[in-house]
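J.: This structure is in structure tokens; I'll ask about it shortly.
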Amino acid sequence: MICVGVALIIATAYIFANLRDRQQLIRQSVREDAMWAVFQTHREASRLVDAILVSKIDPSDEAFKKVNLSFDLVYSRISLLDGGFFTEKFNESAELQLDAQSLQFNIREMATKFDALQKKPSSFAESIEILLEDARSIQSQSNEMVVSTNEKLGRARVNDRATSSRYYEQLAQLVAAMAAVFIGTIALQFLQLRFISQTQRQLRDLSAENSESAKAAQAASKAKSMFLATMSHEIRTPLNGIIGAVDLLNQTNLSEEQARRALTIRRCGHALLDVINDILDFSNLDAKGFVCQLARVALPKMADILSDIFQNRVADAGLTFEINVPSIRVVTDDVRVRQILLNLVGNAIKFTPHGTINLDISLLDRDVLRVEVKDSGIGIPREDQSKLFQDFSQIENSASRRFGGSGLGLAISKRIVTGLGGTIGVESDTGKGSTFWFEIPVSSVEVYVAPPPKLHSDKAKENTNYDIHVLLVEDQLINREIAKALFESFGVTVTTAENGEIALQRLKSTTYDLVVMDLQMPIMDGVTATQMARTRGYSALIVGLTANAFPEDRKLCIDAGMDEFVAKPVTRDKISSVLEQFFSTTPVTEKTDLLDLGQLSPAHRRRRPTRLLRKCPSTPLQILLHPPP
Ligand code: ADP
């Protein structure tokens, strides 16, 4: 484009210069014509003078004719000496114009004399002197005009040359300016190209750096996950020991003070476990994002579980816990919903010195579940409300300090609600209480009818004895001893094994009713041992023991062929649930008492009989937990 532009400009300049030259030539030739006319007039006038001088010696008719002819030639030039013509061609000279007019006048004057001589040729001899004088006057006048025209012509040429060179100069300046503009444009484009290629190079470098950073971040995140998994195992294992030992301690005859202290140890152990779970869950959500696992959940059953979980804490705090829940079943991620509720209700109990906690669940627009947890507690100052739902954020007050916590519960809840496609929020007034709410989409809403009440009481369940033989595979001595003692407290016969390899040997010689298999063990881990046992055709129950709370660990258990898994720490309640689930003589009805808050395996779900009653009237369920009088 630039080259074409340059070529066009050069061509224009060339044509312009040519045109100017041609114009110049035309003007020049016209001027030279005028000059030629004056010169011819002068030449004819000189010839006239010569003819008159000849006739002066011999004034014959012949001589008169020659003089007459010569004058005719002079006269014929009169039109060439037109003043306008001169003005036009030498427009700068009024002097020349006057000279031309005067010359014309004199020629015409002389013509009248010749006209008179035509009528009377005899008087020619007398008129010769007058004619000679007139002719000489015309000769000298035309001569002067030749000189002055020549001079004007020369001056005009000089002017033309000056004008031309001025034009050329201007043209050269213009071309130079345009060339400069072009060079500037080319330079700018060059700079721009350089800038673009530099930017591209920088972008390439940056993206290379970014991918390096991404790799480093991935490695860091992997390292973090591994670190957390290890730490979780390392922390949960002794915690398992502490909580299990306290459970066993509670089975013995304790004095009131000893029981109180044992309770404190138990509560502290569970609080520590909550913090570990929060941190693990948070980092897991952070590293892997939210994975939704949908299941059909009966809301009244979920409410039952919550009221079971919180009944002791509510009673201890002297609070009333009211649950309003519609008798419906919906499809949602029940484990995650329960996790949010545990956090919101747990917070409400923590931050309510006295009064009531309300859990209201309702269905909006058939496919949106609204859950409200309302308390009459200390409330949250308006200016602090924006800090809620942020990672590791706690409101600075004595209650938060007193109860501790990771400051992650609400952040995790928000991530879960967002992952489920819903919204979460809070309305609160200092001193009046808070309402934490969330709304999530649900599907397949059905009416749910609660099953008949259970025939046996919890107390009875706790004291049931099971005549079964369990193989307990656990490498940690303390955990092994505690789990063994806990199983034995239900009348179970327990054989132990320190690792998967020993367990496989035991399985060769004895058939057990249940194998409880730890996952992480030296020599051979629980997953490999289970896989090998299943490949060898071992079909009895295997329950995994996992210290890790990551979903992939649980999936690993199920994929390896385990029937169930229990998250550590192993408590008497969890063992009781496992035993009741697989070995209870009472018929299994609707039961959702998950081993570790929703860690229900697909196999387990399959075994559960499900009752689905449609088109039944929906009666809202109310659960009231009042403080003991
Ligand atoms: P934590 O595990 O520390 O309780 P959360 O994220 O669950 O972390 O809560 C963050 C903070 O929000 C708490 O420390 C507390 O200050 C405030 N908060 C949460 N729920 C309530 C409530 N119901 N009433 C008053 N303050 C609350």
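Labels used: A, B, ... for chains in the order of the structure tokens, numbers from 1 for residues in each chain, and numbers from 1 for ligands as shown.
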Among region 406-572 of chain A, which residues carry a DSSP assignment of strand (DSSP E), reported as a ChimeraX atom specification?

T.: /A:423-429,433-441,443-447,469-473,493-497,514-518,541-546,564-567

J.: If we count only C-alpha atoms, what is near region 134-138 of chain A at a cut-off of 9 Å, once residues fewer than 2 positions away on the same chain are taken out, given as a ChimeraX atom specification?

T.: /A:41-42,45-46,48-49,52,71,103,106-107,109-110,129-132,140-143

J.: Going by DSSP on the backbone, which bits of region 257-434 of chain A are alpha helix (DSSP H)? Write them as an MDAnalysis selection string, please.

T.: chainID A and resid 257:288 299:317 334:350 398:403 409:419

J.: Write out as a ChimeraX atom specification the residues lying within 7 Å of region 270-282 of chain A, counting only C-alpha atoms and excluding same-chain residues fewer than 3 positions away.

T.: /A:228,266-267,285-286,405-406,408-409,412

J.: Output all heavy atoms of each residue in that selection to a file, as a tab-separated table (two decimals), in the first residue's frame.

T.:
chain	number	residue	atom	x	y	z
A	228	LEU	N	-2.99	-32.71	53.89
A	228	LEU	CA	-4.21	-32.76	54.69
A	228	LEU	C	-4.65	-34.20	54.95
A	228	LEU	O	-5.09	-34.52	56.05
A	228	LEU	CB	-5.32	-31.99	53.98
A	228	LEU	CG	-5.16	-30.47	54.10
A	228	LEU	CD1	-6.11	-29.77	53.16
A	228	LEU	CD2	-5.42	-30.02	55.54
A	266	ARG	N	-14.87	-36.07	75.98
A	266	ARG	CA	-15.64	-36.48	74.80
A	266	ARG	C	-16.00	-35.26	73.96
A	266	ARG	O	-15.82	-35.24	72.74
A	266	ARG	CB	-16.91	-37.20	75.27
A	266	ARG	CG	-17.58	-37.98	74.18
A	266	ARG	CD	-18.72	-38.82	74.75
A	266	ARG	NE	-19.13	-39.82	73.80
A	266	ARG	CZ	-20.03	-39.59	72.85
A	266	ARG	NH1	-20.60	-38.42	72.76
A	266	ARG	NH2	-20.35	-40.55	72.00
A	267	ARG	N	-16.52	-34.21	74.65
A	267	ARG	CA	-16.94	-33.00	73.93
A	267	ARG	C	-15.74	-32.35	73.23
A	267	ARG	O	-15.84	-31.91	72.09
A	267	ARG	CB	-17.57	-32.00	74.90
A	267	ARG	CG	-19.00	-32.34	75.18
A	267	ARG	CD	-19.68	-31.26	75.93
A	267	ARG	NE	-20.99	-31.69	76.36
A	267	ARG	CZ	-21.61	-31.25	77.43
A	267	ARG	NH1	-21.03	-30.35	78.20
A	267	ARG	NH2	-22.81	-31.68	77.73
A	285	LEU	N	-13.14	-28.81	49.00
A	285	LEU	CA	-13.98	-28.01	48.10
A	285	LEU	C	-13.10	-27.09	47.28
A	285	LEU	O	-13.33	-26.86	46.10
A	285	LEU	CB	-14.98	-27.18	48.90
A	285	LEU	CG	-16.22	-27.89	49.43
A	285	LEU	CD1	-17.00	-26.98	50.35
A	285	LEU	CD2	-17.11	-28.33	48.28
A	286	ASP	N	-12.06	-26.55	47.95
A	286	ASP	CA	-11.16	-25.61	47.32
A	286	ASP	C	-10.37	-26.29	46.20
A	286	ASP	O	-10.24	-25.76	45.10
A	286	ASP	CB	-10.19	-25.10	48.38
A	286	ASP	CG	-9.81	-23.67	48.14
A	286	ASP	OD1	-10.64	-22.96	47.56
A	286	ASP	OD2	-8.70	-23.28	48.53
A	405	GLY	N	-14.03	-22.47	67.19
A	405	GLY	CA	-14.49	-22.78	65.82
A	405	GLY	C	-13.44	-22.35	64.82
A	405	GLY	O	-12.50	-21.64	65.15
A	406	SER	N	-13.63	-22.82	63.59
A	406	SER	CA	-12.63	-22.54	62.55
A	406	SER	C	-12.96	-21.30	61.75
A	406	SER	O	-12.14	-20.81	60.99
A	406	SER	CB	-12.57	-23.74	61.60
A	406	SER	OG	-13.85	-23.94	61.03
A	408	LEU	N	-15.04	-21.36	59.44
A	408	LEU	CA	-15.20	-21.88	58.08
A	408	LEU	C	-16.61	-22.40	57.79
A	408	LEU	O	-16.98	-22.60	56.65
A	408	LEU	CB	-14.23	-23.05	57.85
A	408	LEU	CG	-12.79	-22.67	57.57
A	408	LEU	CD1	-11.94	-23.91	57.50
A	408	LEU	CD2	-12.69	-21.91	56.26
A	409	GLY	N	-17.38	-22.61	58.86
A	409	GLY	CA	-18.69	-23.26	58.71
A	409	GLY	C	-19.57	-22.55	57.69
A	409	GLY	O	-20.12	-23.20	56.78
A	412	ILE	N	-18.14	-22.73	54.13
A	412	ILE	CA	-18.40	-24.04	53.51
A	412	ILE	C	-19.87	-24.12	53.10
A	412	ILE	O	-20.20	-24.54	51.99
A	412	ILE	CB	-18.04	-25.19	54.49
A	412	ILE	CG1	-16.53	-25.22	54.71
A	412	ILE	CG2	-18.53	-26.53	53.97
A	412	ILE	CD1	-16.08	-26.18	55.81

J.: If you measure from CA of Val337 (chain A) to CA of Ile323 (chain A), what distance in Å do you get, rounded to one decimal?

T.: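 Rounded to one decimal, the two atoms are 15.4 Å apart.
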
J.: Taking only C-alpha atoms into account, name the residue in A:Ala17, A:Ala63, A:Ala34, A:Ala411 that is nearest to Ser165 (chain A).

T.: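 That would be A:Ala17, the residue with the smallest distance to Ser165 (chain A).
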
J.: Counting only C-alpha atoms and all ligand atoms, figure out which residue out of A:Val330, A:Leu53, A:Ala13, A:Ile357 gets nearest to ligand 1.

T.: A:Ile357

J.: Looking at only C-alpha atoms and all ligand atoms, which of A:Asn284, A:Ser55, A:Thr230, A:Asn358 is the one that sits closest to ligand 1?

T.: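 With only C-alpha atoms and all ligand atoms as the atom set, the closest residue is A:Asn358.
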
J.: Please provide as a VMD selection string all residues within 7 Å of Ile424 (chain A), with the sequence filter that same-chain residues fewer than 6 positions apart are discarded (counting only C-alpha atoms).

T.: chain A and resid 414 417 437 to 439
